[in-house]
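The next block is input-v4.cif, given as mmCIF, C-alpha atoms.
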data_final
#
loop_
_atom_site.label_atom_id
_atom_site.label_comp_id
_atom_site.auth_asym_id
_atom_site.auth_seq_id
_atom_site.Cartn_x
_atom_site.Cartn_y
_atom_site.Cartn_z
CA MET A 1 16.98 17.09 110.13
CA GLY A 2 16.63 19.35 113.15
CA THR A 3 17.78 16.64 115.55
CA LEU A 4 20.80 15.81 113.41
CA ALA A 5 21.69 19.49 113.12
CA GLY A 6 21.35 19.84 116.91
CA LEU A 7 23.63 16.86 117.50
CA LEU A 8 26.20 18.23 115.06
CA MET A 9 26.15 21.90 116.06
CA ARG A 10 25.37 21.65 119.81
CA ARG A 11 23.91 25.17 119.72
CA ALA A 12 20.18 25.70 119.18
CA PRO A 13 20.24 28.86 116.99
CA SER A 14 22.92 27.46 114.70
CA ALA A 15 21.15 24.11 114.49
CA ILE A 16 17.86 25.78 113.58
CA GLY A 17 19.54 27.74 110.80
CA LEU A 18 21.33 24.66 109.48
CA SER A 19 18.19 22.52 109.51
CA ILE A 20 16.14 25.22 107.73
CA ALA A 21 18.85 25.61 105.10
CA ALA A 22 19.14 21.83 104.60
CA MET A 23 15.38 21.40 104.26
CA GLY A 24 15.21 24.30 101.82
CA LEU A 25 17.99 22.75 99.76
CA ALA A 26 16.25 19.35 99.71
CA ARG A 27 12.93 20.90 98.73
CA THR A 28 14.52 22.97 95.96
CA ALA A 29 16.42 19.97 94.61
CA LEU A 30 13.24 17.85 94.50
CA THR A 31 11.32 20.70 92.84
CA TYR A 32 13.87 20.94 90.04
CA ALA A 33 14.16 17.15 89.70
CA ARG A 34 10.39 16.46 89.70
CA PRO A 35 9.77 16.75 85.93
CA HIS A 36 12.64 14.36 85.19
CA LEU A 37 11.56 11.55 87.54
CA TRP A 38 9.18 9.98 85.00
CA PRO A 39 9.55 9.56 81.22
CA TRP A 40 8.13 12.34 79.04
CA VAL A 41 5.41 11.77 76.45
CA THR A 42 6.45 13.06 73.01
CA ARG A 43 3.93 14.27 70.44
CA THR A 44 4.89 15.27 66.92
CA SER A 45 2.86 17.43 64.58
CA PRO A 46 3.13 18.54 60.96
CA LEU A 47 4.80 21.78 59.98
CA ASN A 48 1.58 23.62 59.21
CA THR A 49 -0.05 23.08 62.64
CA GLY A 50 2.75 24.27 64.94
CA TYR A 51 3.16 22.90 68.44
CA ASP A 52 0.34 20.55 69.34
CA ALA A 53 0.32 20.06 73.11
CA PRO A 54 -2.86 19.07 74.97
CA ARG A 55 -4.33 21.40 77.55
CA ASN A 56 -3.42 21.20 81.23
CA VAL A 57 -0.09 19.40 80.86
CA LEU A 58 3.42 20.06 82.17
CA VAL A 59 5.40 20.97 79.04
CA GLY A 60 9.05 20.05 79.20
CA ASP A 61 10.72 20.56 75.83
CA ARG A 62 9.70 21.51 72.35
CA GLY A 63 11.40 21.96 69.07
CA ALA A 64 11.52 20.83 65.49
CA VAL A 65 11.72 17.46 63.75
CA THR A 66 14.11 17.25 60.80
CA SER A 67 13.69 15.14 57.67
CA GLY A 68 16.08 12.56 59.13
CA GLY A 69 13.76 12.11 62.13
CA GLY A 70 16.05 13.90 64.58
CA HIS A 71 14.85 16.37 67.17
CA VAL A 72 16.31 19.87 67.18
CA PRO A 73 15.60 22.18 70.16
CA ASP A 74 13.49 25.23 69.44
CA LEU A 75 15.86 28.00 68.38
CA CYS A 76 14.47 30.02 65.48
CA PHE A 77 11.92 27.73 63.88
CA GLU A 78 9.21 30.34 63.62
CA GLN A 79 11.07 31.96 60.69
CA ALA A 80 10.82 30.50 57.18
CA LYS A 81 14.57 30.87 56.53
CA CYS A 82 15.46 28.71 59.56
CA LEU A 83 12.89 26.10 58.56
CA LYS A 84 14.50 25.59 55.14
CA THR A 85 18.10 25.75 56.40
CA ALA A 86 17.56 23.08 59.08
CA ASP A 87 15.32 20.93 56.82
CA VAL A 88 12.47 20.99 59.33
CA THR A 89 9.45 18.79 58.57
CA GLY A 90 7.40 19.22 61.74
CA TYR A 91 7.39 20.01 65.43
CA TYR A 92 7.60 17.98 68.62
CA VAL A 93 6.60 18.69 72.19
CA GLN A 94 7.46 16.65 75.28
CA TYR A 95 5.07 16.82 78.20
CA HIS A 96 3.65 15.09 81.27
CA PRO A 97 -0.10 14.43 80.99
CA ALA A 98 -2.39 14.47 84.01
CA SER A 99 -2.02 10.68 84.29
CA HIS A 100 1.64 11.16 85.31
CA PHE A 101 0.70 13.11 88.44
CA TRP A 102 0.55 10.19 90.87
CA PRO A 103 3.59 8.31 89.54
CA LEU A 104 5.64 11.51 89.84
CA GLN A 105 4.33 12.07 93.36
CA LEU A 106 5.14 8.49 94.41
CA VAL A 107 8.70 8.62 93.06
CA GLU A 108 9.30 11.97 94.76
CA THR A 109 7.85 10.63 98.02
CA GLY A 110 10.15 7.60 97.79
CA ILE A 111 13.16 9.87 97.39
CA ALA A 112 12.05 11.98 100.36
CA LEU A 113 11.54 8.87 102.51
CA ALA A 114 14.96 7.50 101.55
CA LEU A 115 16.56 10.82 102.46
CA THR A 116 14.65 10.80 105.76
CA ALA A 117 15.84 7.27 106.55
CA LEU A 118 19.43 8.28 105.79
CA VAL A 119 19.28 11.35 108.04
CA LEU A 120 17.58 9.34 110.79
CA GLY A 121 20.22 6.61 110.59
CA VAL A 122 23.05 9.16 110.82
CA ALA A 123 21.34 10.91 113.76
CA PHE A 124 20.88 7.66 115.72
CA THR A 125 24.45 6.56 114.99
CA LEU A 126 25.78 9.91 116.21
CA LEU A 127 23.55 9.76 119.29
CA ARG A 128 24.69 6.21 120.13
CA ARG A 129 28.36 7.21 119.91
CA ARG A 130 27.93 10.27 122.10
CA THR A 131 25.88 8.62 124.83
CA ALA A 132 27.53 5.20 125.02
#
Could I get this file's structure written as structure tokens?
Amino acid sequence: MGTLAGLLMRRAPSAIGLSIAAMGLARTALTYARPHLWPWVTRTSPLNTGYDAPRNVLVGDRGAVTSGGGHVPDLCFEQAKCLKTADVTGYYVQYHPASHFWPLQLVETGIALALTALVLGVAFTLLRRRTA
């Protein structure tokens, strides 16, 4: 990224700033995308037990299950009035267990390598055109 920024900007301080900003943006985007790179595990539980998520997991979403089997995001389901109004029969929680750690890491690494190959290809193309 630094080489591409240097080829584009032609000034070292500007290129350093651009490459730091681009890397920060890529890292932030991958951090926010990480939980969504692998399918969630969904666990449902009866109404009297509340949310039933295992320990040491990455919790994604939780809410209520209605009598029709639909999932409703958690809004006010701790109150008895909301439970009866929405016809809630239980709770659900979506999470990533510990066994999803390596698959998530491999998918994220693949995305980072693809982005690296793209930046490298653009940098070499730009270098070839400027030095030919």
Students should find that atom CA of A:Ala53 and atom CA of A:Trp102 are spaced 20.3 Å
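Take the candidates A:Val41, A:Ala132, A:Leu118, A:Ala26 and check each one against A:Gly60 using only C-alpha atoms; the shortest distance goes to A:Val41.
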Since I can't run it myself right now, could you work out what the PyMOL selection byres ((chain A and resi 50) around 12) selects here and report it as an MDAnalysis selection string?
chainID A and resid 43:49 51:53 62:65 74 77:78 88:93
Env of A:Ile16: 8 Å cut, atoms = only C-alpha atoms, seq-sep filter 4 positions within chain, self excluded. Answer as a VMD selection string.
chain A and resid 2 5 to 6 12 20
Can you turn the PyMOL selection byres ((chain A and resi 100) around 10) into a concrete residue list for this file, as a PyMOL selection string?
chain A and resi 35+38-41+57-58+95-99+101-105
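Picture a line from atom CA of A:Pro13 to atom CA of A:Thr28; it runs 22.6 Å.
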Long-range neighbours of A:Val119 as a PyMOL selection string, 12 Å cut-off, all atoms listed in the file, 2 positions minimum in chain:
chain A and resi 1-5+7+19+22-23+26+112-117+121-126
Looking at all atoms listed in the file, which of A:Arg27, A:Arg11, A:Arg34, A:Arg129 is the one that sits closest to A:Glu108?
A:Arg34
Rounded to one decimal place, report the atom CA of A:Thr31-atom CA of A:Gly17 distance in Å.
21.0 Å
Can you tell me, as an MDAnalysis selection string, what residues are no more than 10 Å from A:Leu30 when counting only C-alpha atoms, ignoring any on the same chain fewer than 6 positions away?
chainID A and resid 24 36:37 108:109 111:112
Please save C-alpha atoms of the selected residues as a PDB file, in the coordinates of the input.
ATOM      1  CA  GLY A  24      15.210  24.300 101.820  1.00  0.00           C
ATOM      2  CA  HIS A  36      12.640  14.360  85.190  1.00  0.00           C
ATOM      3  CA  LEU A  37      11.560  11.550  87.540  1.00  0.00           C
ATOM      4  CA  GLU A 108       9.300  11.970  94.760  1.00  0.00           C
ATOM      5  CA  THR A 109       7.850  10.630  98.020  1.00  0.00           C
ATOM      6  CA  ILE A 111      13.160   9.870  97.390  1.00  0.00           C
ATOM      7  CA  ALA A 112      12.050  11.980 100.360  1.00  0.00           C
TER       8      ALA A 112
END
Report the centre and edge lengths, in Å to one decimal, of an axis-aligned box enclosing every atom of stretch 8-19 of chain A listed in the file, padded by 8 Å on each side, as AutoDock Vina command-line options.
--center_x 22.0 --center_y 23.5 --center_z 114.6 --size_x 24.3 --size_y 26.6 --size_z 26.3
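For the choices A:Thr131, A:Ala33, A:Gln94, A:Leu120, the atom-to-atom distance to A:Asp61 is smallest for A:Gln94 when using only C-alpha atoms.
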